[in-house]
file my_file-v2.txt (compact mmCIF, C-alpha atoms and all ligand atoms)
# COMPACT_ATOMS: atom_id res chain seq x y z
CA MET A 297 4.10 -28.66 7.10
CA PHE A 298 6.55 -29.73 4.41
CA VAL A 299 7.70 -26.89 2.12
CA LEU A 300 8.89 -27.62 -1.40
CA PRO A 301 11.59 -25.53 -3.09
CA VAL A 302 10.23 -22.58 -5.05
CA LEU A 303 9.82 -22.74 -8.81
CA PRO A 304 12.12 -20.36 -10.74
CA PRO A 305 9.93 -17.44 -11.85
CA SER A 306 9.77 -16.37 -15.48
CA SER A 307 8.30 -12.95 -14.71
CA CYS A 308 8.09 -10.35 -11.92
CA ASP A 309 4.39 -9.75 -12.64
CA GLY A 310 2.39 -9.74 -9.41
CA CYS A 311 5.47 -10.43 -7.28
CA GLY A 312 7.54 -7.44 -6.13
CA LEU A 313 8.82 -9.38 -3.12
CA CYS A 314 12.32 -7.96 -3.46
CA CYS A 315 10.90 -4.44 -3.03
CA VAL A 316 9.19 -5.13 0.32
CA GLY A 317 10.45 -5.94 3.78
CA ILE A 318 14.02 -4.92 3.08
CA GLY A 319 14.17 -1.20 3.69
CA SER A 320 14.83 0.86 0.64
CA PRO A 321 17.50 0.84 -2.05
CA VAL A 322 16.56 4.42 -2.88
CA LEU A 323 18.29 5.35 0.39
CA LEU A 324 21.38 5.29 -1.78
CA TYR A 325 20.13 8.54 -3.19
CA ALA A 326 19.59 10.23 0.17
CA SER A 327 21.77 12.90 1.65
CA ARG A 328 23.97 11.64 4.45
CA PRO A 329 26.41 13.32 6.84
CA GLY A 330 29.85 13.44 5.30
CA PHE A 331 28.63 13.49 1.72
CA GLY A 332 28.43 16.68 -0.19
CA GLU A 333 25.75 17.33 -2.76
CA PRO A 334 24.90 15.64 -4.98
CA HIS A 335 25.15 12.20 -3.38
CA PRO A 336 27.71 10.15 -5.38
CA TYR A 337 25.16 7.46 -6.25
CA ARG A 338 22.42 9.86 -7.25
CA PRO A 339 21.76 9.42 -10.97
CA VAL A 340 22.07 12.40 -13.25
CA GLY A 341 18.68 13.72 -14.21
CA LEU A 342 16.76 12.52 -11.15
CA PRO A 343 13.75 14.89 -11.07
CA GLN A 344 13.85 17.47 -8.31
CA ASP A 345 10.49 16.40 -6.85
CA LEU A 346 11.86 12.86 -6.39
CA VAL A 347 15.06 14.22 -4.84
CA GLU A 348 13.00 16.18 -2.34
CA GLU A 349 10.72 13.22 -1.59
CA ILE A 350 13.71 10.96 -0.91
CA ASP A 351 15.56 13.51 1.20
CA SER A 352 12.43 14.17 3.22
CA HIS A 353 11.66 10.48 3.70
CA PHE A 354 15.17 9.63 4.86
CA SER A 355 16.00 12.84 6.66
CA GLY A 356 18.48 12.18 9.45
CA LEU A 357 18.58 8.42 8.81
CA THR A 358 21.40 6.19 7.65
CA ARG A 359 21.14 2.81 5.98
CA GLY A 360 19.27 0.31 8.14
CA GLN A 361 17.32 2.98 10.01
CA GLU A 362 14.80 3.52 7.23
CA PRO A 363 11.25 2.15 7.47
CA GLN A 364 11.44 -1.56 6.61
CA GLY A 365 7.93 -2.08 5.30
CA GLN A 366 8.58 -1.48 1.63
CA CYS A 367 10.68 0.63 -0.70
CA LEU A 368 9.56 4.23 -0.98
CA TRP A 369 9.06 3.73 -4.71
CA PHE A 370 7.11 0.46 -4.53
CA ASP A 371 3.47 0.65 -5.58
CA ALA A 372 1.69 -2.00 -3.53
CA ALA A 373 -1.41 -1.97 -5.75
CA SER A 374 0.41 -2.76 -9.00
CA ARG A 375 3.31 -4.58 -7.27
CA GLN A 376 5.66 -2.53 -9.44
CA CYS A 377 8.33 0.17 -9.11
CA GLN A 378 6.86 3.62 -9.63
CA HIS A 379 10.08 4.90 -11.19
CA TYR A 380 11.46 1.79 -12.82
CA GLU A 381 13.53 3.67 -15.39
CA LEU A 382 15.29 5.53 -12.55
CA ARG A 383 15.80 2.54 -10.22
CA PRO A 384 19.20 2.24 -8.51
CA GLN A 385 21.98 0.04 -9.87
CA ILE A 386 21.41 -2.55 -7.12
CA CYS A 387 17.89 -3.07 -8.44
CA ARG A 388 19.17 -3.38 -12.01
CA GLU A 389 21.58 -6.11 -10.92
CA TYR A 390 18.96 -8.09 -8.97
CA GLU A 391 18.48 -11.07 -11.24
CA LEU A 392 15.08 -12.57 -11.98
CA ALA A 393 15.30 -16.22 -10.84
CA GLY A 394 18.79 -15.53 -9.46
CA PRO A 395 19.92 -16.68 -6.00
CA SER A 396 18.57 -13.66 -4.10
CA CYS A 397 15.24 -13.83 -5.92
CA LEU A 398 14.81 -17.53 -5.12
CA ILE A 399 15.79 -17.02 -1.47
CA ARG A 400 13.27 -14.21 -1.12
CA ARG A 401 10.53 -16.27 -2.77
CA GLN A 402 11.37 -19.30 -0.62
CA GLU A 403 11.05 -17.09 2.46
CA ALA A 404 7.66 -15.87 1.25
CA LEU A 405 6.50 -19.44 0.69
CA GLU A 406 7.59 -20.56 4.14
CA ASN A 407 6.12 -17.49 5.84
CA GLY A 408 2.81 -17.81 4.02
CA GLU A 409 3.08 -14.28 2.64
CA ASP A 410 0.08 -13.30 0.56
CA PHE A 411 0.57 -11.50 -2.75
CA PRO A 412 -0.97 -11.77 -6.24
CA ALA A 413 1.61 -14.09 -7.79
CA ARG A 414 1.79 -16.43 -4.80
CA ALA A 415 0.56 -19.37 -6.89
CA THR A 416 3.74 -19.15 -8.98
CA LEU A 417 5.94 -19.96 -5.95
CA GLY A 418 5.28 -23.67 -5.74
CA ALA A 419 3.38 -25.69 -3.16
CA THR A 420 3.32 -26.65 0.48
CA ILE A 421 2.15 -30.04 1.67
CA PRO A 422 0.23 -30.09 4.97
CA ASP A 423 1.37 -32.54 7.64
CA GLY A 424 -0.14 -35.93 6.91
CA GLY A 425 -0.93 -34.89 3.33
S1 LIG W 501 11.59 -11.54 -6.08
FE1 LIG W 501 12.24 -12.20 -8.14
S2 LIG W 501 10.29 -12.53 -9.28
FE2 LIG W 501 9.83 -11.28 -7.45
S3 LIG W 501 9.91 -9.16 -8.19
FE3 LIG W 501 11.94 -9.69 -7.33
S4 LIG W 501 13.17 -10.42 -9.09
FE4 LIG W 501 10.99 -10.43 -9.71
S1 LIG W 502 13.70 1.33 -6.43
FE1 LIG W 502 12.04 0.30 -7.49
S2 LIG W 502 12.90 -1.69 -8.14
FE2 LIG W 502 14.24 -0.84 -6.54
S3 LIG W 502 13.47 -1.72 -4.58
FE3 LIG W 502 12.48 0.27 -4.89
S4 LIG W 502 10.53 -0.23 -5.89
FE4 LIG W 502 11.89 -1.99 -6.14
call {"tool": "encode", "arguments": {"input": "my_file-v2.txt", "output": "structure tokens", "more": "lines below"}}
Ligand code: SF4
Ligand code: SF4
result
Amino acid sequence: MFVLPVLPPSSCDGCGLCCVGIGSPVLLYASRPGFGEPHPYRPVGLPQDLVEEIDSHFSGLTRGQEPQGQCLWFDAASRQCQHYELRPQICREYELAGPSCLIRRQEALENGEDFPARATLGATIPDGG
């Protein structure tokens, strides 16, 4: 099967690919050995219930050991961040249609990943087609 390059997206609607399969950026907020409280990357004003959810989810883990399925804050039904206004800096810097976005979408195209905005990726041409 021949795979064409992905089309640059104009929106994140129905995508969310950068929030799945990569562990969790919110680990940056978790308590880790050697850090006092609060964690240096924890934003001021993060609600206590979210602090407790994060600390519970990542208890005893360091980066790379977290569940890799999807970010703790990703809502698979809406394909959106549940706490977008509180998202970590790394998520704020992740550029729509930037290099990392296009690489992730190319990977999804080649792997045949199924998600609502799949049609916006581009096209594959079957062998002999
Ligand atoms: S991979 Fe790109 S288009 Fe998809 S959600 Fe992330 S930034 Fe948006
Ligand atoms: S914090 Fe939100 S924007 Fe960042 S990876 Fe998780 S779900 Fe996506």
call {"tool": "closest_residue", "arguments": {"input": "my_file-v2.txt", "among": "A:Arg400, A:Arg383, A:Arg388, A:Arg414", "to": "ligand LIG 502 (chain W)", "atoms": "only C-alpha atoms and all ligand atoms"}}
result
A:Arg383
call {"tool": "closest_atom_pairs", "arguments": {"input": "my_file-v2.txt", "of": "chain A", "to": "ligand LIG 501 (chain W)", "cutoff": "9 Å", "atoms": "all atoms listed in the file", "output": "JSON lines"}}
result
{"residue": "A:Pro304", "atom": "CA", "partner": "W:LIG501", "partner_atom": "S2", "distance": 8.2}
{"residue": "A:Pro305", "atom": "CA", "partner": "W:LIG501", "partner_atom": "S2", "distance": 5.6}
{"residue": "A:Ser306", "atom": "CA", "partner": "W:LIG501", "partner_atom": "S2", "distance": 7.3}
{"residue": "A:Ser307", "atom": "CA", "partner": "W:LIG501", "partner_atom": "S2", "distance": 5.8}
{"residue": "A:Cys308", "atom": "CA", "partner": "W:LIG501", "partner_atom": "FE4", "distance": 3.6}
{"residue": "A:Asp309", "atom": "CA", "partner": "W:LIG501", "partner_atom": "S3", "distance": 7.1}
{"residue": "A:Gly310", "atom": "CA", "partner": "W:LIG501", "partner_atom": "S3", "distance": 7.6}
{"residue": "A:Cys311", "atom": "CA", "partner": "W:LIG501", "partner_atom": "FE2", "distance": 4.4}
{"residue": "A:Gly312", "atom": "CA", "partner": "W:LIG501", "partner_atom": "S3", "distance": 3.6}
{"residue": "A:Leu313", "atom": "CA", "partner": "W:LIG501", "partner_atom": "S1", "distance": 4.6}
{"residue": "A:Cys314", "atom": "CA", "partner": "W:LIG501", "partner_atom": "FE3", "distance": 4.3}
{"residue": "A:Cys315", "atom": "CA", "partner": "W:LIG501", "partner_atom": "FE3", "distance": 6.9}
{"residue": "A:Arg375", "atom": "CA", "partner": "W:LIG501", "partner_atom": "S3", "distance": 8.1}
{"residue": "A:Gln376", "atom": "CA", "partner": "W:LIG501", "partner_atom": "S3", "distance": 8.0}
{"residue": "A:Cys387", "atom": "CA", "partner": "W:LIG501", "partner_atom": "S4", "distance": 8.8}
{"residue": "A:Tyr390", "atom": "CA", "partner": "W:LIG501", "partner_atom": "S4", "distance": 6.2}
{"residue": "A:Glu391", "atom": "CA", "partner": "W:LIG501", "partner_atom": "S4", "distance": 5.8}
{"residue": "A:Leu392", "atom": "CA", "partner": "W:LIG501", "partner_atom": "S4", "distance": 4.1}
{"residue": "A:Ala393", "atom": "CA", "partner": "W:LIG501", "partner_atom": "FE1", "distance": 5.7}
{"residue": "A:Gly394", "atom": "CA", "partner": "W:LIG501", "partner_atom": "FE1", "distance": 7.5}
{"residue": "A:Ser396", "atom": "CA", "partner": "W:LIG501", "partner_atom": "S1", "distance": 7.6}
{"residue": "A:Cys397", "atom": "CA", "partner": "W:LIG501", "partner_atom": "FE1", "distance": 4.1}
{"residue": "A:Leu398", "atom": "CA", "partner": "W:LIG501", "partner_atom": "FE1", "distance": 6.6}
{"residue": "A:Ile399", "atom": "CA", "partner": "W:LIG501", "partner_atom": "S1", "distance": 8.3}
{"residue": "A:Arg400", "atom": "CA", "partner": "W:LIG501", "partner_atom": "S1", "distance": 5.9}
{"residue": "A:Arg401", "atom": "CA", "partner": "W:LIG501", "partner_atom": "S1", "distance": 5.9}
{"residue": "A:Ala413", "atom": "CA", "partner": "W:LIG501", "partner_atom": "FE2", "distance": 8.7}
call {"tool": "closest_residue", "arguments": {"input": "my_file-v2.txt", "among": "A:Gln361, A:Gln366, A:Gln402, A:Thr416", "to": "ligand LIG 502 (chain W)", "atoms": "all atoms listed in the file"}}
result
A:Gln366
call {"tool": "atom_distance", "arguments": {"input": "my_file-v2.txt", "atom1": "CA of Pro301 in chain A", "atom2": "CA of Glu403 in chain A"}}
result
10.1 Å
call {"tool": "closest_residue", "arguments": {"input": "my_file-v2.txt", "among": "A:Ala372, A:Val316, A:Cys367, A:Ile386", "to": "Phe354 in chain A", "atoms": "all atoms listed in the file"}}
result
A:Cys367
call {"tool": "closest_residue", "arguments": {"input": "my_file-v2.txt", "among": "A:Pro395, A:Pro384, A:Gly317, A:Pro412", "to": "ligand LIG 502 (chain W)", "atoms": "all atoms listed in the file"}}
result
A:Pro384
call {"tool": "axis_aligned_box", "arguments": {"input": "my_file-v2.txt", "around": "range 402-412 of chain A", "padding_each_side": "5 Å", "output": "AutoDock Vina command-line options"}}
result
--center_x 5.2 --center_y -16.0 --center_z -0.2 --size_x 22.3 --size_y 19.1 --size_z 22.1
call {"tool": "atom_distance", "arguments": {"input": "my_file-v2.txt", "atom1": "CA of Cys377 in chain A", "atom2": "CA of Asn407 in chain A"}}
result
23.2 Å
call {"tool": "atom_distance", "arguments": {"input": "my_file-v2.txt", "atom1": "CA of Leu368 in chain A", "atom2": "CA of Val340 in chain A"}}
result
19.3 Å
call {"tool": "closest_residue", "arguments": {"input": "my_file-v2.txt", "among": "A:Glu389, A:Pro363, A:Phe370, A:Glu381", "to": "Gly341 in chain A", "atoms": "all atoms listed in the file"}}
result
A:Glu381
call {"tool": "closest_residue", "arguments": {"input": "my_file-v2.txt", "among": "A:Leu323, A:Leu405, A:Leu417, A:Leu300", "to": "Ser355 in chain A", "atoms": "all atoms listed in the file"}}
result
A:Leu323
call {"tool": "decode", "arguments": {"input": "my_file-v2.txt", "residues": "range 358-392 of chain A", "atoms": "N, CA and C atoms", "output": "compact mmCIF listing (two decimals), in the first residue's frame"}}
result
# COMPACT_ATOMS: atom_id res chain seq x y z
N THR A 358 7.58 7.28 37.65
CA THR A 358 8.31 8.40 37.07
C THR A 358 8.02 8.41 35.58
N ARG A 359 8.46 9.47 34.91
CA ARG A 359 8.11 9.65 33.51
C ARG A 359 8.52 8.43 32.68
N GLY A 360 7.61 7.96 31.85
CA GLY A 360 7.84 6.79 31.03
C GLY A 360 7.22 5.53 31.62
N GLN A 361 6.93 5.57 32.91
CA GLN A 361 6.31 4.40 33.55
C GLN A 361 4.78 4.51 33.57
N GLU A 362 4.26 5.67 33.20
CA GLU A 362 2.82 5.88 33.28
C GLU A 362 2.10 5.07 32.20
N PRO A 363 0.82 4.77 32.41
CA PRO A 363 0.05 4.09 31.36
C PRO A 363 0.13 4.86 30.05
N GLN A 364 0.38 4.13 28.95
CA GLN A 364 0.65 4.79 27.66
C GLN A 364 -0.59 4.92 26.78
N GLY A 365 -1.72 4.45 27.24
CA GLY A 365 -2.90 4.46 26.38
C GLY A 365 -3.34 5.84 25.95
N GLN A 366 -3.52 6.72 26.90
CA GLN A 366 -3.93 8.09 26.60
C GLN A 366 -3.66 8.95 27.83
N CYS A 367 -3.62 10.25 27.60
CA CYS A 367 -3.44 11.18 28.72
C CYS A 367 -4.61 11.06 29.70
N LEU A 368 -4.30 11.20 30.95
CA LEU A 368 -5.31 11.13 32.01
C LEU A 368 -6.45 12.11 31.75
N TRP A 369 -6.16 13.23 31.15
CA TRP A 369 -7.16 14.27 30.95
C TRP A 369 -7.88 14.18 29.60
N PHE A 370 -7.52 13.22 28.77
CA PHE A 370 -8.14 13.14 27.44
C PHE A 370 -9.51 12.48 27.54
N ASP A 371 -10.50 13.11 26.94
CA ASP A 371 -11.85 12.56 26.87
C ASP A 371 -12.01 11.89 25.49
N ALA A 372 -12.02 10.57 25.51
CA ALA A 372 -12.04 9.82 24.25
C ALA A 372 -13.33 10.06 23.46
N ALA A 373 -14.43 10.34 24.15
CA ALA A 373 -15.70 10.54 23.45
C ALA A 373 -15.70 11.84 22.64
N SER A 374 -15.24 12.91 23.26
CA SER A 374 -15.23 14.20 22.57
C SER A 374 -13.92 14.45 21.82
N ARG A 375 -12.91 13.61 22.08
CA ARG A 375 -11.56 13.78 21.52
C ARG A 375 -10.96 15.11 21.94
N GLN A 376 -11.28 15.54 23.17
CA GLN A 376 -10.79 16.83 23.65
C GLN A 376 -10.20 16.70 25.05
N CYS A 377 -9.39 17.69 25.43
CA CYS A 377 -8.84 17.78 26.78
C CYS A 377 -9.95 18.20 27.74
N GLN A 378 -10.04 17.47 28.85
CA GLN A 378 -11.08 17.79 29.83
C GLN A 378 -10.77 19.05 30.62
N HIS A 379 -9.52 19.46 30.64
CA HIS A 379 -9.12 20.63 31.43
C HIS A 379 -8.19 21.51 30.58
N TYR A 380 -8.71 21.86 29.42
CA TYR A 380 -7.90 22.54 28.41
C TYR A 380 -7.25 23.82 28.95
N GLU A 381 -8.01 24.56 29.77
CA GLU A 381 -7.49 25.83 30.28
C GLU A 381 -6.37 25.63 31.29
N LEU A 382 -6.21 24.40 31.78
CA LEU A 382 -5.16 24.08 32.76
C LEU A 382 -4.06 23.22 32.16
N ARG A 383 -4.09 22.97 30.86
CA ARG A 383 -3.13 22.05 30.23
C ARG A 383 -1.70 22.54 30.45
N PRO A 384 -0.76 21.58 30.50
CA PRO A 384 0.64 21.92 30.74
C PRO A 384 1.23 22.76 29.60
N GLN A 385 2.36 23.38 29.89
CA GLN A 385 3.03 24.23 28.90
C GLN A 385 3.38 23.44 27.63
N ILE A 386 3.79 22.17 27.80
CA ILE A 386 4.18 21.38 26.62
C ILE A 386 3.01 21.23 25.66
N CYS A 387 1.80 21.17 26.20
CA CYS A 387 0.62 21.07 25.34
C CYS A 387 0.32 22.41 24.68
N ARG A 388 0.61 23.50 25.37
CA ARG A 388 0.38 24.83 24.80
C ARG A 388 1.34 25.10 23.64
N GLU A 389 2.53 24.47 23.71
CA GLU A 389 3.55 24.72 22.69
C GLU A 389 3.42 23.77 21.51
N TYR A 390 2.58 22.75 21.63
CA TYR A 390 2.41 21.77 20.56
C TYR A 390 1.61 22.43 19.44
N GLU A 391 2.25 22.63 18.32
CA GLU A 391 1.69 23.48 17.27
C GLU A 391 0.79 22.71 16.30
N LEU A 392 -0.43 23.19 16.14
CA LEU A 392 -1.32 22.65 15.13
C LEU A 392 -0.64 22.74 13.76
